[in-house]
Amino acid sequence: MATLKASNQGLAKIKQVRNEQGWTIDDPRWLIEASQIVEPTIAWSDLEQVADGVSEGTWKRFLSGKSIETVAFKAFCQVLNLNWEEVIDRSAKPEPRAINPSQQKTSVLLDWGDAPDISVFYDRSEVFDTLTQLLVVDRCRLVALLGMGGIGKTALAVKLTEHNQPQFEGVIWRSLRSTPALSDLLTNLITCLTHVSISTTIEALLSTLIQQLRQRRILLILDGWENILGGDRAGQCKPGYEGYGELLRRIGSDRHQSCLLLTSRENPEEVTLLEDCTPLAKSHKLAGLGTAATEILQAKGLVLEPQHWHQLIQIYRGNPLALNVVATLIQELFDGKVSEALKANTMLGIDQVNHVLTERVRSLSSLEQQLLCCLARDRNPMTREALRSRMSAQASYSEFVGGLSSLDRRSLLEKSSENGKILFTLQPMVMRFVTKLFLA
Ligand SMILES: Nc1ncnc2c1ncn2[C@@H]1O[C@H](COP(=O)(O)OP(=O)(O)OP(=O)(O)O)[C@@H](O)[C@H]1O
Ligand SMILES: [Mg+2]
């Protein structure tokens with residue numbers, strides 16, 4: 001752990017401002033205020049505890065010019081309203097216990113892993129501001145960015161991270177596409193944070209990671225959480241990957257100053273539970289691009305037909321992946337004319353974006369598949385009661401409601417409300433896909 005100590009001149013300044021403050025050396029407020037800086041999310045004044053690393057012993061070491069951990073040193077300086085850089089002893093060598101070359105790095109850690117480079121990014125300012133608020137202002141410990149495949153979760157997470165990176169002491173991006181075993185992921189993250197590789201139990205690895213997230217403000221991004229989901233219920237971890245649920249629970253509820261931003265097509269069940277327990281865990285369902293979607297069509301050089309463009313964007317619900325594919329096809333097959341493509345009344349591009357849906361729909365429970373088929377057959381939005389009456393399965397009411405909420409969790413349902421009643425339907429893309437797969 002990197003340490004700092006005050007110079008003689010620094011000690012004189014510290015003494016002066018401490019006297020001006022008028023609190024005795026033993027006043028608990030020094031430690032409470034420093035704890036508040038180290039771990040702002042806890043109301044320390046209500047507790048009979050102080051944050052890790054700001055004990056009375058550390059405070060006295062600080063006042064007597066001995067080396068203490070950097071985090072505590074900076075926190076005490078902040079409580080004293082002093083610029084830490086003006087009071088440190090620059091000639092000081094780290095004390096023997098602090099000599100750990102792997103951990104001396106105080107520079108910003110930037111490990112983007114295999115994050116994609118997003119060069120073209122159309123306006124998402126509203127949701128961008130909402131998520132920045134959660135990450136930076138509210139200092140959430142866990143933010144889940146959810147939504148259908150291709151809707152733009154990864155692209156938005158990249159842009160959010162690029163923009164907010166200065167607010168963190170480090171950024172680590174990891175994709176879960178290759179479904180790493182939890183122990184591998186944790187070992188990798190810990191090695192990245194401490195440069196020391198350790199092999200021990202999952203529980204010990206989790207505790208080490210949390211300890212690291214407590215010491216430094218890190219933005220950790222885990223992209224594609226749906227890859228480790230696949231239990232019986234929506235949002236449940238795959239068999240063998242249950243430990244990932246514990247990772248979420250620990251990050252969401254343990255004390256630390258970092259943030260995990262995850263992206264997923266499906267809402268992990270732990271996120272819902274954590275959201276009920278703490279304001280520091282939040283999920284956000286990402287909708288399609290609004291008017292900015294026209295820029296995709298423009299960039300593909302389609303013939304300007306504003307009304308038809310609007311219709312096309314509506315059909316694909318502003319999904320940037322689908323719109324990119326469709327716009328290319330319209331350029332190739334309809335000479336860039338959206339009106340001609342719409343006349344053909346075919347769901348262009350559905351085969352090209354099928355990969356987003358195929359595996360997921362096939363792995364649904366039979367009740368969920370039946371619900372999808374009913375909604376696809378009827379085509380019109382319908383109430384829960386109407387949907388229930390069309391179901392042939394002998395499912396109990398609670399199973400039926402469970403199936404419906406499971407589909408919702410998987411971002412496969414579209415909901416609207418009419419006269420105070422919720423109506424359920426499918427996005428045109430999903431409807432066409434389900435029809436082709438099960439009903440054609
Ligand atoms: N705001 C945007 N402006 C321009 N292009 C975008 C935007 N958002 C996403 N895209 C593009 O749309 C495609 C799909 O986006 P992305 O990969 O982020 O979706 P996703 O929701 O992460 O999908 P998946 O669930 O498959 O991981 C990408 O090619 C991406 O660059
Ligand atoms: Mg993605």
# chains A, B, ... in the order shown; residues from 1 in each chain; ligands from 1
call {"tool": "residues_near_ligand", "arguments": {"ligand": "ligand 1", "cutoff": "6 Å", "atoms": "only C-alpha atoms and all ligand atoms", "output": "list in words"}}
result
Ile118, Val120, Phe121, Tyr122, Asp123, Arg124, Met148, Gly149, Gly150, Ile151, Gly152, Lys153, Thr154, Ala155, Gly224, Arg265, Pro320 and Leu321 of chain A
call {"tool": "select_by_dssp", "arguments": {"residues": "stretch 225-276 of chain A", "states": "strand (DSSP E)", "output": "PyMOL selection string"}}
result
chain A and resi 259-264
call {"tool": "residues_around", "arguments": {"residues": "A:Leu262", "least_positions_apart": "5", "cutoff": "12 Å", "atoms": "only C-alpha atoms", "output": "VMD selection string"}}
result
chain A and resid 131 135 141 to 147 153 to 154 156 to 158 161 172 to 176 219 to 227 247 to 248 251 to 252 267 to 268 271 281 to 285
call {"tool": "residues_around", "arguments": {"residues": "A:Ser45", "least_positions_apart": "5", "cutoff": "10 Å", "atoms": "only C-alpha atoms", "output": "JSON, numbers by chain"}}
result
{"A": [28, 29, 31, 32, 33, 35, 36, 50]}
call {"tool": "write_last_selection", "arguments": {"atoms": "N, CA, C and O atoms", "output": "mmCIF file, in the first residue's frame"}}
result
data_model
loop_
_atom_site.group_PDB
_atom_site.id
_atom_site.type_symbol
_atom_site.label_atom_id
_atom_site.label_comp_id
_atom_site.auth_asym_id
_atom_site.auth_seq_id
_atom_site.Cartn_x
_atom_site.Cartn_y
_atom_site.Cartn_z
ATOM 1 N N PRO A 28 -13.697 12.965 18.486
ATOM 2 C CA PRO A 28 -14.064 11.935 17.500
ATOM 3 C C PRO A 28 -14.413 12.504 16.128
ATOM 4 O O PRO A 28 -14.398 11.792 15.122
ATOM 5 N N ARG A 29 -14.690 13.815 16.079
ATOM 6 C CA ARG A 29 -15.100 14.394 14.782
ATOM 7 C C ARG A 29 -13.998 14.315 13.719
ATOM 8 O O ARG A 29 -14.268 14.229 12.539
ATOM 9 N N LEU A 31 -12.073 11.816 13.160
ATOM 10 C CA LEU A 31 -12.163 10.485 12.529
ATOM 11 C C LEU A 31 -13.482 10.327 11.773
ATOM 12 O O LEU A 31 -13.531 9.715 10.697
ATOM 13 N N ILE A 32 -14.554 10.914 12.320
ATOM 14 C CA ILE A 32 -15.858 10.789 11.642
ATOM 15 C C ILE A 32 -15.796 11.497 10.282
ATOM 16 O O ILE A 32 -16.208 10.968 9.256
ATOM 17 N N GLU A 33 -15.245 12.702 10.282
ATOM 18 C CA GLU A 33 -15.189 13.458 9.012
ATOM 19 C C GLU A 33 -14.267 12.790 7.996
ATOM 20 O O GLU A 33 -14.553 12.757 6.800
ATOM 21 N N SER A 35 -13.691 9.609 7.873
ATOM 22 C CA SER A 35 -14.421 8.406 7.407
ATOM 23 C C SER A 35 -15.417 8.797 6.326
ATOM 24 O O SER A 35 -15.599 8.091 5.329
ATOM 25 N N GLN A 36 -16.061 9.949 6.527
ATOM 26 C CA GLN A 36 -17.058 10.407 5.558
ATOM 27 C C GLN A 36 -16.422 10.651 4.194
ATOM 28 O O GLN A 36 -17.035 10.468 3.149
ATOM 29 N N VAL A 50 -15.508 3.795 12.708
ATOM 30 C CA VAL A 50 -14.877 4.655 11.705
ATOM 31 C C VAL A 50 -14.511 3.796 10.505
ATOM 32 O O VAL A 50 -14.471 2.570 10.613
#
call {"tool": "closest_residue", "arguments": {"among": "A:Ser253, A:Thr278, A:Ser398, A:Thr263", "to": "ligand 2", "atoms": "only C-alpha atoms and all ligand atoms"}}
result
A:Thr263
call {"tool": "select_by_dssp", "arguments": {"residues": "stretch 136-289 of chain A", "states": "helix (DSSP H, G or I)", "output": "PyMOL selection string"}}
result
chain A and resi 136-137+153-167+182-194+202-215+225-228+243-253+269-277
call {"tool": "write_last_selection", "arguments": {"atoms": "C-alpha atoms", "output": "PDB file, in the first residue's frame"}}
result
ATOM      1  CA  VAL A 136     -20.907  10.263 -10.470  1.00  0.00           C
ATOM      2  CA  VAL A 137     -23.370  12.292  -8.422  1.00  0.00           C
ATOM      3  CA  LYS A 153     -25.894  -0.922 -24.328  1.00  0.00           C
ATOM      4  CA  THR A 154     -22.225  -1.598 -25.032  1.00  0.00           C
ATOM      5  CA  ALA A 155     -21.796   1.519 -27.168  1.00  0.00           C
ATOM      6  CA  LEU A 156     -23.391   3.674 -24.479  1.00  0.00           C
ATOM      7  CA  ALA A 157     -21.318   2.058 -21.724  1.00  0.00           C
ATOM      8  CA  VAL A 158     -18.133   2.848 -23.688  1.00  0.00           C
ATOM      9  CA  LYS A 159     -19.124   6.484 -24.130  1.00  0.00           C
ATOM     10  CA  LEU A 160     -20.208   6.830 -20.504  1.00  0.00           C
ATOM     11  CA  THR A 161     -16.924   5.367 -19.331  1.00  0.00           C
ATOM     12  CA  GLU A 162     -14.860   7.599 -21.617  1.00  0.00           C
ATOM     13  CA  HIS A 163     -16.733  10.657 -20.390  1.00  0.00           C
ATOM     14  CA  ASN A 164     -16.747   9.870 -16.663  1.00  0.00           C
ATOM     15  CA  GLN A 165     -13.311   8.281 -16.405  1.00  0.00           C
ATOM     16  CA  PRO A 166     -11.742  11.399 -14.801  1.00  0.00           C
ATOM     17  CA  GLN A 167     -14.127  10.995 -11.877  1.00  0.00           C
ATOM     18  CA  LEU A 182     -15.858 -16.481 -11.601  1.00  0.00           C
ATOM     19  CA  SER A 183     -12.546 -17.430  -9.994  1.00  0.00           C
ATOM     20  CA  ASP A 184     -10.719 -16.552 -13.241  1.00  0.00           C
ATOM     21  CA  LEU A 185     -12.494 -13.225 -13.543  1.00  0.00           C
ATOM     22  CA  LEU A 186     -11.819 -12.312  -9.903  1.00  0.00           C
ATOM     23  CA  THR A 187      -8.171 -13.333 -10.111  1.00  0.00           C
ATOM     24  CA  ASN A 188      -7.822 -11.288 -13.273  1.00  0.00           C
ATOM     25  CA  LEU A 189      -9.434  -8.211 -11.687  1.00  0.00           C
ATOM     26  CA  ILE A 190      -7.371  -8.485  -8.511  1.00  0.00           C
ATOM     27  CA  THR A 191      -4.167  -8.900 -10.518  1.00  0.00           C
ATOM     28  CA  CYS A 192      -5.087  -5.840 -12.508  1.00  0.00           C
ATOM     29  CA  LEU A 193      -5.691  -3.831  -9.324  1.00  0.00           C
ATOM     30  CA  THR A 194      -2.786  -5.038  -7.215  1.00  0.00           C
ATOM     31  CA  ILE A 202     -14.002 -17.572  -4.157  1.00  0.00           C
ATOM     32  CA  GLU A 203     -14.998 -16.021  -0.863  1.00  0.00           C
ATOM     33  CA  ALA A 204     -11.453 -14.809  -0.197  1.00  0.00           C
ATOM     34  CA  LEU A 205     -11.162 -13.514  -3.761  1.00  0.00           C
ATOM     35  CA  LEU A 206     -14.440 -11.624  -3.386  1.00  0.00           C
ATOM     36  CA  SER A 207     -13.273 -10.067  -0.124  1.00  0.00           C
ATOM     37  CA  THR A 208      -9.951  -9.044  -1.694  1.00  0.00           C
ATOM     38  CA  LEU A 209     -11.752  -7.444  -4.618  1.00  0.00           C
ATOM     39  CA  ILE A 210     -14.105  -5.525  -2.318  1.00  0.00           C
ATOM     40  CA  GLN A 211     -11.125  -4.374  -0.273  1.00  0.00           C
ATOM     41  CA  GLN A 212      -9.550  -2.999  -3.447  1.00  0.00           C
ATOM     42  CA  LEU A 213     -12.794  -1.305  -4.436  1.00  0.00           C
ATOM     43  CA  ARG A 214     -12.868   0.273  -0.988  1.00  0.00           C
ATOM     44  CA  GLN A 215      -9.363   1.679  -1.248  1.00  0.00           C
ATOM     45  CA  TRP A 225     -23.934 -10.168 -18.219  1.00  0.00           C
ATOM     46  CA  GLU A 226     -26.634 -12.189 -20.034  1.00  0.00           C
ATOM     47  CA  ASN A 227     -23.868 -14.580 -21.088  1.00  0.00           C
ATOM     48  CA  ILE A 228     -23.668 -15.985 -17.571  1.00  0.00           C
ATOM     49  CA  GLY A 243     -21.071 -17.244  -7.656  1.00  0.00           C
ATOM     50  CA  TYR A 244     -21.669 -14.291  -9.998  1.00  0.00           C
ATOM     51  CA  GLY A 245     -24.859 -13.623  -8.022  1.00  0.00           C
ATOM     52  CA  GLU A 246     -22.749 -13.342  -4.880  1.00  0.00           C
ATOM     53  CA  LEU A 247     -20.434 -10.923  -6.709  1.00  0.00           C
ATOM     54  CA  LEU A 248     -23.435  -8.682  -7.400  1.00  0.00           C
ATOM     55  CA  ARG A 249     -24.721  -8.974  -3.843  1.00  0.00           C
ATOM     56  CA  ARG A 250     -21.320  -8.069  -2.382  1.00  0.00           C
ATOM     57  CA  ILE A 251     -20.698  -5.161  -4.757  1.00  0.00           C
ATOM     58  CA  GLY A 252     -24.237  -3.880  -4.259  1.00  0.00           C
ATOM     59  CA  SER A 253     -24.343  -4.071  -0.496  1.00  0.00           C
ATOM     60  CA  GLU A 269     -32.448 -11.266 -10.280  1.00  0.00           C
ATOM     61  CA  GLU A 270     -29.958  -9.974  -7.711  1.00  0.00           C
ATOM     62  CA  VAL A 271     -30.259  -6.501  -9.207  1.00  0.00           C
ATOM     63  CA  THR A 272     -33.999  -6.421  -8.512  1.00  0.00           C
ATOM     64  CA  LEU A 273     -33.445  -7.559  -4.932  1.00  0.00           C
ATOM     65  CA  LEU A 274     -30.684  -4.999  -4.355  1.00  0.00           C
ATOM     66  CA  GLU A 275     -32.765  -2.202  -5.847  1.00  0.00           C
ATOM     67  CA  ASP A 276     -35.382  -2.893  -3.184  1.00  0.00           C
ATOM     68  CA  CYS A 277     -32.785  -2.699  -0.407  1.00  0.00           C
TER      69      CYS A 277
END
call {"tool": "closest_residue", "arguments": {"among": "A:Leu80, A:Val361, A:Leu426, A:Leu286", "to": "ligand 2", "atoms": "only C-alpha atoms and all ligand atoms"}}
result
A:Leu286
call {"tool": "residues_around", "arguments": {"residues": "stretch 371-387 of chain A", "least_positions_apart": "6", "cutoff": "6 Å", "atoms": "only C-alpha atoms", "output": "compact mmCIF listing (two decimals) with all heavy atoms, in the first residue's frame"}}
result
# COMPACT_ATOMS: atom_id res chain seq x y z
N LEU A 423 -51.27 -2.99 -21.23
CA LEU A 423 -51.45 -3.84 -22.42
C LEU A 423 -50.09 -4.44 -22.79
O LEU A 423 -49.06 -3.78 -22.69
CB LEU A 423 -51.96 -3.00 -23.59
CG LEU A 423 -53.30 -2.31 -23.40
CD1 LEU A 423 -53.67 -1.52 -24.65
CD2 LEU A 423 -54.41 -3.30 -23.07
N PHE A 424 -50.12 -5.70 -23.20
CA PHE A 424 -48.89 -6.40 -23.55
C PHE A 424 -48.88 -6.71 -25.05
O PHE A 424 -49.90 -7.08 -25.62
CB PHE A 424 -48.78 -7.73 -22.80
CG PHE A 424 -48.74 -7.54 -21.30
CD1 PHE A 424 -49.91 -7.50 -20.55
CD2 PHE A 424 -47.53 -7.39 -20.66
CE1 PHE A 424 -49.87 -7.31 -19.18
CE2 PHE A 424 -47.47 -7.21 -19.29
CZ PHE A 424 -48.65 -7.16 -18.55
N THR A 425 -47.71 -6.55 -25.64
CA THR A 425 -47.54 -7.00 -27.03
C THR A 425 -46.05 -7.27 -27.26
O THR A 425 -45.26 -7.27 -26.33
CB THR A 425 -48.09 -5.96 -28.04
OG1 THR A 425 -48.07 -6.55 -29.34
CG2 THR A 425 -47.31 -4.68 -28.06
N MET A 431 -42.09 -10.11 -32.92
CA MET A 431 -43.33 -10.74 -33.40
C MET A 431 -43.05 -11.53 -34.68
O MET A 431 -43.44 -12.69 -34.83
CB MET A 431 -44.37 -9.65 -33.67
CG MET A 431 -45.76 -10.20 -33.79
SD MET A 431 -46.96 -8.92 -33.90
CE MET A 431 -47.08 -8.27 -32.27
call {"tool": "residues_around", "arguments": {"residues": "A:Lys238", "least_positions_apart": "4", "cutoff": "9 Å", "atoms": "only C-alpha atoms", "output": "list in words"}}
result
Asn227, Ile228, Leu229, Gly230, Gly231, Asp232 and Glu242 of chain A
call {"tool": "write_last_selection", "arguments": {"atoms": "C-alpha atoms", "output": "tab-separated table (two decimals), in the first residue's frame"}}
result
chain	number	residue	atom	x	y	z
A	227	ASN	CA	-23.87	-14.58	-21.09
A	228	ILE	CA	-23.67	-15.99	-17.57
A	229	LEU	CA	-27.46	-16.15	-17.16
A	230	GLY	CA	-29.55	-19.16	-18.07
A	231	GLY	CA	-31.16	-20.75	-15.05
A	232	ASP	CA	-34.79	-21.85	-14.87
A	242	GLU	CA	-24.09	-18.96	-9.25
call {"tool": "residues_around", "arguments": {"residues": "A:Lys15", "least_positions_apart": "5", "cutoff": "12 Å", "atoms": "only C-alpha atoms", "output": "ChimeraX atom specification"}}
result
/A:6,8-10,20-25,62-65,77,80,82,87
call {"tool": "write_last_selection", "arguments": {"atoms": "all heavy atoms", "output": "short mmCIF file (atom, residue, chain, number, x, y, z; two decimals), in the first residue's frame"}}
result
data_model
loop_
_atom_site.label_atom_id
_atom_site.label_comp_id
_atom_site.auth_asym_id
_atom_site.auth_seq_id
_atom_site.Cartn_x
_atom_site.Cartn_y
_atom_site.Cartn_z
N ALA A 6 3.98 13.57 6.57
CA ALA A 6 4.08 15.04 6.50
C ALA A 6 5.53 15.47 6.69
O ALA A 6 6.29 14.85 7.45
CB ALA A 6 3.19 15.66 7.56
N ASN A 8 8.34 18.44 8.00
CA ASN A 8 8.35 19.26 9.23
C ASN A 8 7.51 20.51 9.05
O ASN A 8 6.73 20.90 9.91
CB ASN A 8 9.79 19.65 9.60
CG ASN A 8 10.52 18.43 10.16
OD1 ASN A 8 9.86 17.48 10.61
ND2 ASN A 8 11.83 18.44 10.11
N GLN A 9 7.67 21.09 7.85
CA GLN A 9 6.88 22.29 7.55
C GLN A 9 5.39 21.95 7.53
O GLN A 9 4.55 22.68 8.03
CB GLN A 9 7.29 22.79 6.17
CG GLN A 9 7.67 24.23 6.17
CD GLN A 9 8.07 24.66 4.75
OE1 GLN A 9 8.25 23.82 3.86
NE2 GLN A 9 8.20 25.94 4.55
N GLY A 10 5.11 20.81 6.93
CA GLY A 10 3.72 20.33 6.86
C GLY A 10 3.15 20.12 8.24
O GLY A 10 2.00 20.48 8.52
N GLU A 20 -6.57 26.11 15.12
CA GLU A 20 -7.60 27.08 14.70
C GLU A 20 -8.99 26.45 14.75
O GLU A 20 -9.97 27.10 15.06
CB GLU A 20 -7.31 27.56 13.27
CG GLU A 20 -6.19 28.58 13.21
CD GLU A 20 -5.70 28.83 11.78
OE1 GLU A 20 -6.34 28.35 10.82
OE2 GLU A 20 -4.65 29.48 11.67
N GLN A 21 -9.04 25.20 14.40
CA GLN A 21 -10.32 24.48 14.39
C GLN A 21 -10.91 24.38 15.80
O GLN A 21 -12.11 24.37 16.00
CB GLN A 21 -10.11 23.07 13.79
CG GLN A 21 -11.31 22.18 13.78
CD GLN A 21 -12.39 22.67 12.83
OE1 GLN A 21 -12.12 23.48 11.95
NE2 GLN A 21 -13.61 22.23 13.04
N GLY A 22 -10.03 24.28 16.77
CA GLY A 22 -10.48 24.29 18.16
C GLY A 22 -10.92 22.93 18.70
O GLY A 22 -11.40 22.86 19.83
N TRP A 23 -10.78 21.87 17.93
CA TRP A 23 -11.14 20.54 18.45
C TRP A 23 -9.90 19.94 19.13
O TRP A 23 -8.78 20.14 18.65
CB TRP A 23 -11.56 19.58 17.32
CG TRP A 23 -12.79 19.99 16.58
CD1 TRP A 23 -13.69 20.96 16.93
CD2 TRP A 23 -13.26 19.44 15.34
NE1 TRP A 23 -14.69 21.06 16.00
CE2 TRP A 23 -14.45 20.13 15.01
CE3 TRP A 23 -12.81 18.45 14.48
CZ2 TRP A 23 -15.19 19.85 13.87
CZ3 TRP A 23 -13.54 18.16 13.34
CH2 TRP A 23 -14.72 18.85 13.03
N THR A 24 -10.09 19.18 20.20
CA THR A 24 -8.94 18.53 20.83
C THR A 24 -8.46 17.41 19.91
O THR A 24 -9.19 16.96 19.01
CB THR A 24 -9.33 17.89 22.18
OG1 THR A 24 -10.28 16.87 21.91
CG2 THR A 24 -9.89 18.93 23.14
N ILE A 25 -7.24 16.93 20.19
CA ILE A 25 -6.69 15.84 19.36
C ILE A 25 -7.61 14.62 19.41
O ILE A 25 -7.79 13.92 18.41
CB ILE A 25 -5.28 15.46 19.86
CG1 ILE A 25 -4.29 16.54 19.44
CG2 ILE A 25 -4.84 14.10 19.29
CD1 ILE A 25 -2.86 16.23 19.76
N PHE A 62 -0.28 10.22 11.85
CA PHE A 62 -0.33 11.35 10.90
C PHE A 62 0.16 12.63 11.59
O PHE A 62 1.00 13.36 11.07
CB PHE A 62 -1.79 11.51 10.43
CG PHE A 62 -2.09 12.76 9.66
CD1 PHE A 62 -1.71 12.91 8.34
CD2 PHE A 62 -2.79 13.82 10.27
CE1 PHE A 62 -2.00 14.07 7.63
CE2 PHE A 62 -3.08 14.98 9.57
CZ PHE A 62 -2.69 15.10 8.25
N LEU A 63 -0.34 12.86 12.82
CA LEU A 63 0.01 14.09 13.53
C LEU A 63 1.46 14.10 14.00
O LEU A 63 2.03 15.18 14.23
CB LEU A 63 -0.91 14.27 14.75
CG LEU A 63 -2.40 14.51 14.42
CD1 LEU A 63 -3.21 14.59 15.70
CD2 LEU A 63 -2.58 15.77 13.59
N SER A 64 2.04 12.90 14.11
CA SER A 64 3.43 12.90 14.58
C SER A 64 4.42 12.73 13.43
O SER A 64 5.60 12.45 13.63
CB SER A 64 3.62 11.79 15.62
OG SER A 64 3.31 10.56 15.01
N GLY A 65 3.91 12.85 12.20
CA GLY A 65 4.80 12.85 11.04
C GLY A 65 5.25 11.46 10.60
O GLY A 65 6.25 11.33 9.91
N CYS A 77 -6.02 15.46 5.54
CA CYS A 77 -5.70 16.80 5.01
C CYS A 77 -6.98 17.53 4.60
O CYS A 77 -7.15 18.73 4.85
CB CYS A 77 -4.75 16.71 3.81
SG CYS A 77 -3.09 16.26 4.30
N LEU A 80 -8.79 18.90 7.41
CA LEU A 80 -8.10 20.09 7.93
C LEU A 80 -8.11 21.25 6.93
O LEU A 80 -7.53 22.30 7.18
CB LEU A 80 -6.64 19.73 8.25
CG LEU A 80 -6.43 18.84 9.47
CD1 LEU A 80 -5.09 18.14 9.42
CD2 LEU A 80 -6.53 19.67 10.75
N LEU A 82 -6.54 21.36 4.14
CA LEU A 82 -5.16 21.58 3.65
C LEU A 82 -4.98 20.85 2.33
O LEU A 82 -5.57 19.78 2.12
CB LEU A 82 -4.16 20.99 4.66
CG LEU A 82 -3.92 21.78 5.93
CD1 LEU A 82 -3.06 20.96 6.90
CD2 LEU A 82 -3.20 23.09 5.61
N VAL A 87 1.79 19.57 2.15
CA VAL A 87 2.27 19.17 3.48
C VAL A 87 3.09 17.87 3.47
O VAL A 87 3.65 17.50 4.48
CB VAL A 87 1.10 19.03 4.50
CG1 VAL A 87 0.44 20.34 4.77
CG2 VAL A 87 0.10 18.01 4.06
#
call {"tool": "closest_residue", "arguments": {"among": "A:Gly336, A:Pro116, A:Gly240, A:Pro428", "to": "ligand 2", "atoms": "only C-alpha atoms and all ligand atoms"}}
result
A:Pro116
call {"tool": "atom_distance", "arguments": {"atom1": "atom CA of A:Leu261", "atom2": "atom CA of A:Trp112"}}
result
13.4 Å
